[in-house]
Each structure stands twice: as structure tokens, then as C-alpha cells.
Amino acid sequence: MTQIDPNGDSTVERQLALTVQALAESEAKFRAIADSMPQMVWSTRPDGFHDYYNARWYEFTGVPEGSTDGEGWNGMFHPEDQDRAFALWRRCLDTGEPYEIEYRLRRHDGVYRWTLGRARPIRNEAGEITRWFGTCTDIDDLKRSDQAKELLSQELSHRIKNIFAVVSALIALSARQHPEAKAFATAVRTRINALARAHEFVRPHTESSRPTVGTMTLHAFLTDLFKAYSELSGTPRVMVTGDDATFDDQAATSVALLFHELATNAAKYGALSVEGGRVTLETRRMDDRFVLTWTETGGPRVEGVPVQTGFGTSLATLSVEGQLGGRLERRWVPQGLQVVADLPATALSRRRAAQNVA
């Protein structure tokens with residue numbers, strides 16, 4: 001039975017009116033906040049039907065209000081990005097995974113701008129998705145800046161590669177003019193070519209220019225990398241021992257950065273800076289770990305931990321901890337530097353691990 005208050009109003013009706021008023025105020029606050037944001041804000045029903053865009057969306061795109069409801073939004077993307085964006089969106093709707101993608105969005109003047117799209121689902125107490133809320137952020141200026149930096153890095157790297165080639169050619173020419181120096185010239189060219197190969201792995205790459213290791217093993221890769229530091233007779237000064245491992249190009253750059261940095265420092269200040277100095281690189285598989293131990297002997301006595309660390313040291317740490325998911329430890333013992341890289345066993349061949357290849 002409906003209760004009536006002293007003023008004759010239905011209590012249920014009053015509660016309903018208050019609820020409607022609260023919802024209206026809440027929606028008004030949301031719209032005020034959304035319209036004040038620099039990003040484009042949008043929302044969809046659980047099935048992905050777009051039914052809300054903030055003022056910034058219409059300001060940026062210049063389309064009539066309501067014209068991009070439903071699936072009309074995908075037509076605003078660059079034709080080359082539409083299938084990719086729509087497929088990812090459908091997958092997120094099916095799985096409930098957060099949506100994140102970069103695509104080119106058409107501005108009101110017809111110019112396509114790179115945009116970062118993100119969305120997260122809102123769930124009720126039962127875990128069911130009740131709405132999706134998303135944003136679009138114009139990142140075109142940042143994208144073009146990154147592309148310009150990448151182009152500059154590629155150009156600088158190309159010039160360095162040409163320098164290696166020119167120096168090698170000059171040495172060969174000098175050797176022809178001075179036959180008595182042929183053996184020395186051959187050894188120097190071997191070192192330069194090894195450095196050039198190492199540079200090929202550590203330089204910035206695009207997806208198309210990235211070197212492919214193929215079926216090369218870890219030991220074969222490292223032996224090739226260290227040829228630049230061999231004696232003139234060809235005898236290696238960096239000995240690689242222990243367990244070998246399958247190796248792919250996804251790990252090549254990080255491994256090359258680490259050991260190229262260690263070898264360079266050893267040649268400047270450590271065991272490779274003096275005649276008779278040696279380095280041993282031992283690689284061991286230990287259950288689900290793969291441990292690489294770099295040990296220098298016969299070099300200048302180590303007096304302690306350096307007061308300052310350079311960019312190369314930070315880069316080596318980033319390569320191991322950030323890219324390979326491992327741990328890097330440096331031990332400054334009097335006999336010489338020892339560096340231990342403790343990696344997950346799958347870090348050196350992630351593609352094979354992903355495919356469950358033994």
C-alpha cells in the first residue's frame with residue numbers, strides 16, 4: 001500500500017523525483033567536466049554502440065552532432081587504419097580488455113592527425129560491463145617530432161657506417177702501396193669490420209632495417225662481436241665458454257649493447273687495455289635462468305667502485321633490466337671487473353618461447 005505524507009504527496013514519487021534530480025545533476029556535472037577537457041571524450045553502451053561525445057569531438061571533427069553515433073565513428077579514421085581499429089575495438093568488447101590504439105583521425109579541415117585512442121570498461125558489482133568510457137588525444141605533433149628524431153638517428157648511423165667502409169678501404173689501399181704492412185693492415189681491417197658489424201646491431205633501426213640473426217647461436221654471435229678485440233694474430237682475447245643457447249634478433253640489440261659497452265670499457269680502462277689482459281665470458285643455464293658472467297683478469301688493478309658512472313653504464317643496465325627483464329650486478333674486485341647478467345631463460349629467444357618451441 002502506497003504511503004501518503006502529510007502534504008498528500010506519495011513518498012515513492014518523491015523518492016523517484018529526488019533520484020531523477022540527482023541523476024540529472026550528476027549528468028550535468030559529467031558533461032561540464034567532459035566538455036572542459038582538451039581531449040575528445042566518448043562513451044558507449046556495453047555492446048559498443050557510441051551514444052555520447054563531448055564538445056571537443058565535434059569541434060575537432062566538424063561533423064554534425066549525432067552523425068558518428070553507433071559505428072559511424074570508424075568512418076572518421078584514415079582508410080588504412082579503419083580495419084585495424086575496428087578489429088581491435090571488437091576484440092576489446094568481446095574480452096573486456098582496455099582499448100588502446102594509435103590511428104589517424106580526420107580533422108574538420110580534412111587533414112588526418114595522429115591520435116591516441118584509449119577506453120576502459122565500467123563494471124557493476126557482478127562484474128558485468130555497464131559502459132565504456134574513452135578518450136582521443138591529438139598526438140600528431142609528438143609523432144612527427146619522434147619521426148624527425150628517428151630520421152636524424154638513421155642519418156647519423158648511416159654516416160658512421162660509411163666511415164667504417166671508407167677507413168677499411170683506405171687501409172686496403174695503403175696495404176697495396178706498402179706490401180710489408182699487409183699482415184698488419186689485414187688485422188686492422190678485421191677489427192674495423194667487426195666493429196661495423198657490432199654497430200649494425202646497436203644502431204637505431206626501423207622494422208625494415210633491423211638485422212636478423214636467423215639461426216645464429218648466442219656463442220657464435222658473441223664470438224663475432226668480440227673479433228674487433230682479438231690480437232693481431234687473430235687469437236681472441238675474450239673467451240666465450242659454457243652453455244650455448246638459441247638466439248633471435250629480438251634479443252640481439254640488447255645483448256650487443258651490453259657486451260659492446262663492456263668490451264669498449266675494457267679496451268679503454270680494463271683488461272683489454274694492456275698486453276696480456278684477458279676476459280672470460282661464461283654462460284650458464286640454471287633451471288629457468290640464464291646467467292652470463294663477464295670476468296676481466298690481467299688488467300690494471302681495480303681500486304674500488306668508480307665515483308661516477310657514464311651513459312654507457314646506464315645503457316647497459318637498461319638493456320638487461322628493461323629490455324631483457326633480468327638483473328645486472330657489477331663486482332669491482334682488485335683483480336678486475338666482474339659483471340653478472342642474470343636473465344630469464346626465455347629472454348634470448350622470446351619468439352621460440354612464445355611458440356612453445358623446446
# chains A, B, ... in the order shown; residues from 1 in each chain; ligands from 1
call {"tool": "residues_around", "arguments": {"residues": "range 182-184 of chain A", "least_positions_apart": "5", "cutoff": "8 Å", "atoms": "only C-alpha atoms", "output": "JSON, numbers by chain"}}
result
{"A": [175, 176, 232]}
call {"tool": "residues_around", "arguments": {"residues": "Leu93 in chain A", "least_positions_apart": "6", "cutoff": "8 Å", "atoms": "only C-alpha atoms", "output": "NGL selection string"}}
result
:A and (46-48)
call {"tool": "residues_around", "arguments": {"residues": "Ile122 in chain A", "least_positions_apart": "2", "cutoff": "9 Å", "atoms": "only C-alpha atoms", "output": "MDAnalysis selection string"}}
result
chainID A and resid 46 120 124 127:133
call {"tool": "residues_around", "arguments": {"residues": "His108 in chain A", "least_positions_apart": "4", "cutoff": "7 Å", "atoms": "only C-alpha atoms", "output": "ChimeraX atom specification"}}
result
/A:60-62
call {"tool": "residues_around", "arguments": {"residues": "Ile101 in chain A", "least_positions_apart": "3", "cutoff": "9 Å", "atoms": "only C-alpha atoms", "output": "number ranges by chain"}}
result
A: 85, 88, 115-118
call {"tool": "residues_around", "arguments": {"residues": "Ala271 in chain A", "least_positions_apart": "5", "cutoff": "10 Å", "atoms": "only C-alpha atoms", "output": "CSV table (one decimal) with N, CA and C atoms, in the first residue's frame"}}
result
chain,number,residue,atom,x,y,z
A,237,ARG,N,90.9,-12.4,-27.4
A,237,ARG,CA,91.2,-12.0,-26.0
A,237,ARG,C,89.9,-12.1,-25.1
A,238,VAL,N,88.8,-12.3,-25.7
A,238,VAL,CA,87.6,-12.5,-25.0
A,238,VAL,C,87.1,-13.9,-25.3
A,263,ALA,N,83.1,-4.4,-23.5
A,263,ALA,CA,84.4,-4.6,-24.2
A,263,ALA,C,85.0,-3.3,-24.5
A,265,ASN,N,84.8,-0.5,-22.7
A,265,ASN,CA,85.4,0.0,-21.4
A,265,ASN,C,86.6,-0.9,-21.1
A,266,ALA,N,86.6,-2.2,-21.3
A,266,ALA,CA,87.8,-3.0,-21.0
A,266,ALA,C,89.0,-2.6,-21.9
A,276,GLY,N,98.4,-8.8,-22.6
A,276,GLY,CA,98.3,-10.0,-21.7
A,276,GLY,C,97.0,-10.0,-20.9
A,277,GLY,N,96.2,-8.9,-21.0
A,277,GLY,CA,94.9,-8.9,-20.3
A,277,GLY,C,93.9,-9.8,-21.0
A,278,ARG,N,93.1,-10.4,-20.3
A,278,ARG,CA,92.1,-11.3,-20.9
A,278,ARG,C,90.7,-11.1,-20.3
A,279,VAL,N,89.7,-11.6,-21.0
A,279,VAL,CA,88.3,-11.6,-20.5
A,279,VAL,C,87.7,-12.9,-20.7
A,295,THR,N,84.3,-11.7,-16.7
A,295,THR,CA,85.4,-11.6,-15.8
A,295,THR,C,86.6,-11.1,-16.5
A,296,GLU,N,87.2,-10.0,-16.0
A,296,GLU,CA,88.4,-9.5,-16.5
A,296,GLU,C,89.6,-9.8,-15.6
A,297,THR,N,90.7,-10.2,-16.2
A,297,THR,CA,91.9,-10.6,-15.5
A,297,THR,C,93.1,-10.0,-16.3
A,298,GLY,N,94.2,-9.8,-15.5
A,298,GLY,CA,95.5,-9.3,-16.1
A,298,GLY,C,95.5,-7.9,-16.5
A,299,GLY,N,94.5,-7.1,-16.1
A,299,GLY,CA,94.5,-5.7,-16.4
A,299,GLY,C,95.0,-4.9,-15.3
A,300,PRO,N,94.8,-3.5,-15.3
A,300,PRO,CA,95.2,-2.7,-14.2
A,300,PRO,C,94.4,-3.0,-13.0
A,301,ARG,N,95.0,-2.9,-11.8
A,301,ARG,CA,94.4,-3.2,-10.6
A,301,ARG,C,93.2,-2.3,-10.3
A,335,GLN,N,91.3,-7.8,-8.8
A,335,GLN,CA,91.9,-8.5,-10.0
A,335,GLN,C,91.3,-8.0,-11.3
A,336,GLY,N,90.1,-7.4,-11.2
A,336,GLY,CA,89.4,-6.9,-12.4
A,336,GLY,C,87.9,-6.9,-12.3
A,337,LEU,N,87.3,-6.2,-13.1
A,337,LEU,CA,85.8,-6.1,-13.1
A,337,LEU,C,85.1,-7.4,-13.4
call {"tool": "closest_residue", "arguments": {"among": "A:Arg189, A:Arg104, A:His219, A:Lys29", "to": "Leu281 in chain A", "atoms": "only C-alpha atoms"}}
result
A:His219
call {"tool": "atom_distance", "arguments": {"atom1": "CA of Glu80 in chain A", "atom2": "CA of His50 in chain A"}}
result
21.6 Å
call {"tool": "closest_residue", "arguments": {"among": "A:Tyr112, A:Phe49, A:Trp332, A:Phe86", "to": "Tyr99 in chain A", "atoms": "only C-alpha atoms"}}
result
A:Phe86
call {"tool": "residues_around", "arguments": {"residues": "Ala172 in chain A", "least_positions_apart": "4", "cutoff": "10 Å", "atoms": "only C-alpha atoms", "output": "MDAnalysis selection string"}}
result
chainID A and resid 166:168 176:178 182 185:186 188:189
call {"tool": "write_last_selection", "arguments": {"atoms": "C-alpha atoms", "output": "mmCIF file, in the first residue's frame"}}
result
data_model
loop_
_atom_site.group_PDB
_atom_site.id
_atom_site.type_symbol
_atom_site.label_atom_id
_atom_site.label_comp_id
_atom_site.auth_asym_id
_atom_site.auth_seq_id
_atom_site.Cartn_x
_atom_site.Cartn_y
_atom_site.Cartn_z
ATOM 1 C CA VAL A 166 85.904 4.388 -46.045
ATOM 2 C CA VAL A 167 88.514 3.655 -43.362
ATOM 3 C CA SER A 168 88.594 -0.015 -44.346
ATOM 4 C CA ARG A 176 98.767 -2.313 -51.641
ATOM 5 C CA GLN A 177 101.210 0.584 -51.619
ATOM 6 C CA HIS A 178 103.175 -0.909 -48.700
ATOM 7 C CA LYS A 182 99.873 -6.280 -45.437
ATOM 8 C CA ALA A 185 96.508 -3.977 -42.472
ATOM 9 C CA THR A 186 94.570 -7.232 -42.680
ATOM 10 C CA VAL A 188 93.188 -3.817 -38.597
ATOM 11 C CA ARG A 189 90.568 -4.278 -41.315
#
call {"tool": "closest_residue", "arguments": {"among": "A:Phe77, A:Phe221, A:Phe259, A:Tyr269", "to": "Cys136 in chain A", "atoms": "only C-alpha atoms"}}
result
A:Phe77
call {"tool": "closest_residue", "arguments": {"among": "A:Leu348, A:Ala87, A:Ala256, A:Val305", "to": "Gly325 in chain A", "atoms": "only C-alpha atoms"}}
result
A:Leu348
call {"tool": "select_by_dssp", "arguments": {"residues": "range 100-294 of chain A", "states": "helix (DSSP H, G or I)", "output": "PyMOL selection string"}}
result
chain A and resi 140-177+179-202+218-229+249-268+271-273
call {"tool": "select_by_dssp", "arguments": {"residues": "range 97-238 of chain A", "states": "strand (DSSP E or B)", "output": "PyMOL selection string"}}
result
chain A and resi 99-106+112-123+129-138+217+238
call {"tool": "closest_residue", "arguments": {"among": "A:Glu71, A:Asn162, A:Gln39, A:Leu292", "to": "Tyr58 in chain A", "atoms": "only C-alpha atoms"}}
result
A:Gln39
call {"tool": "atom_distance", "arguments": {"atom1": "CA of Trp42 in chain A", "atom2": "CA of Ala126 in chain A"}}
result
24.0 Å
call {"tool": "closest_residue", "arguments": {"among": "A:Tyr229, A:Thr44, A:Ala169, A:Ala347", "to": "Gly322 in chain A", "atoms": "only C-alpha atoms"}}
result
A:Ala347
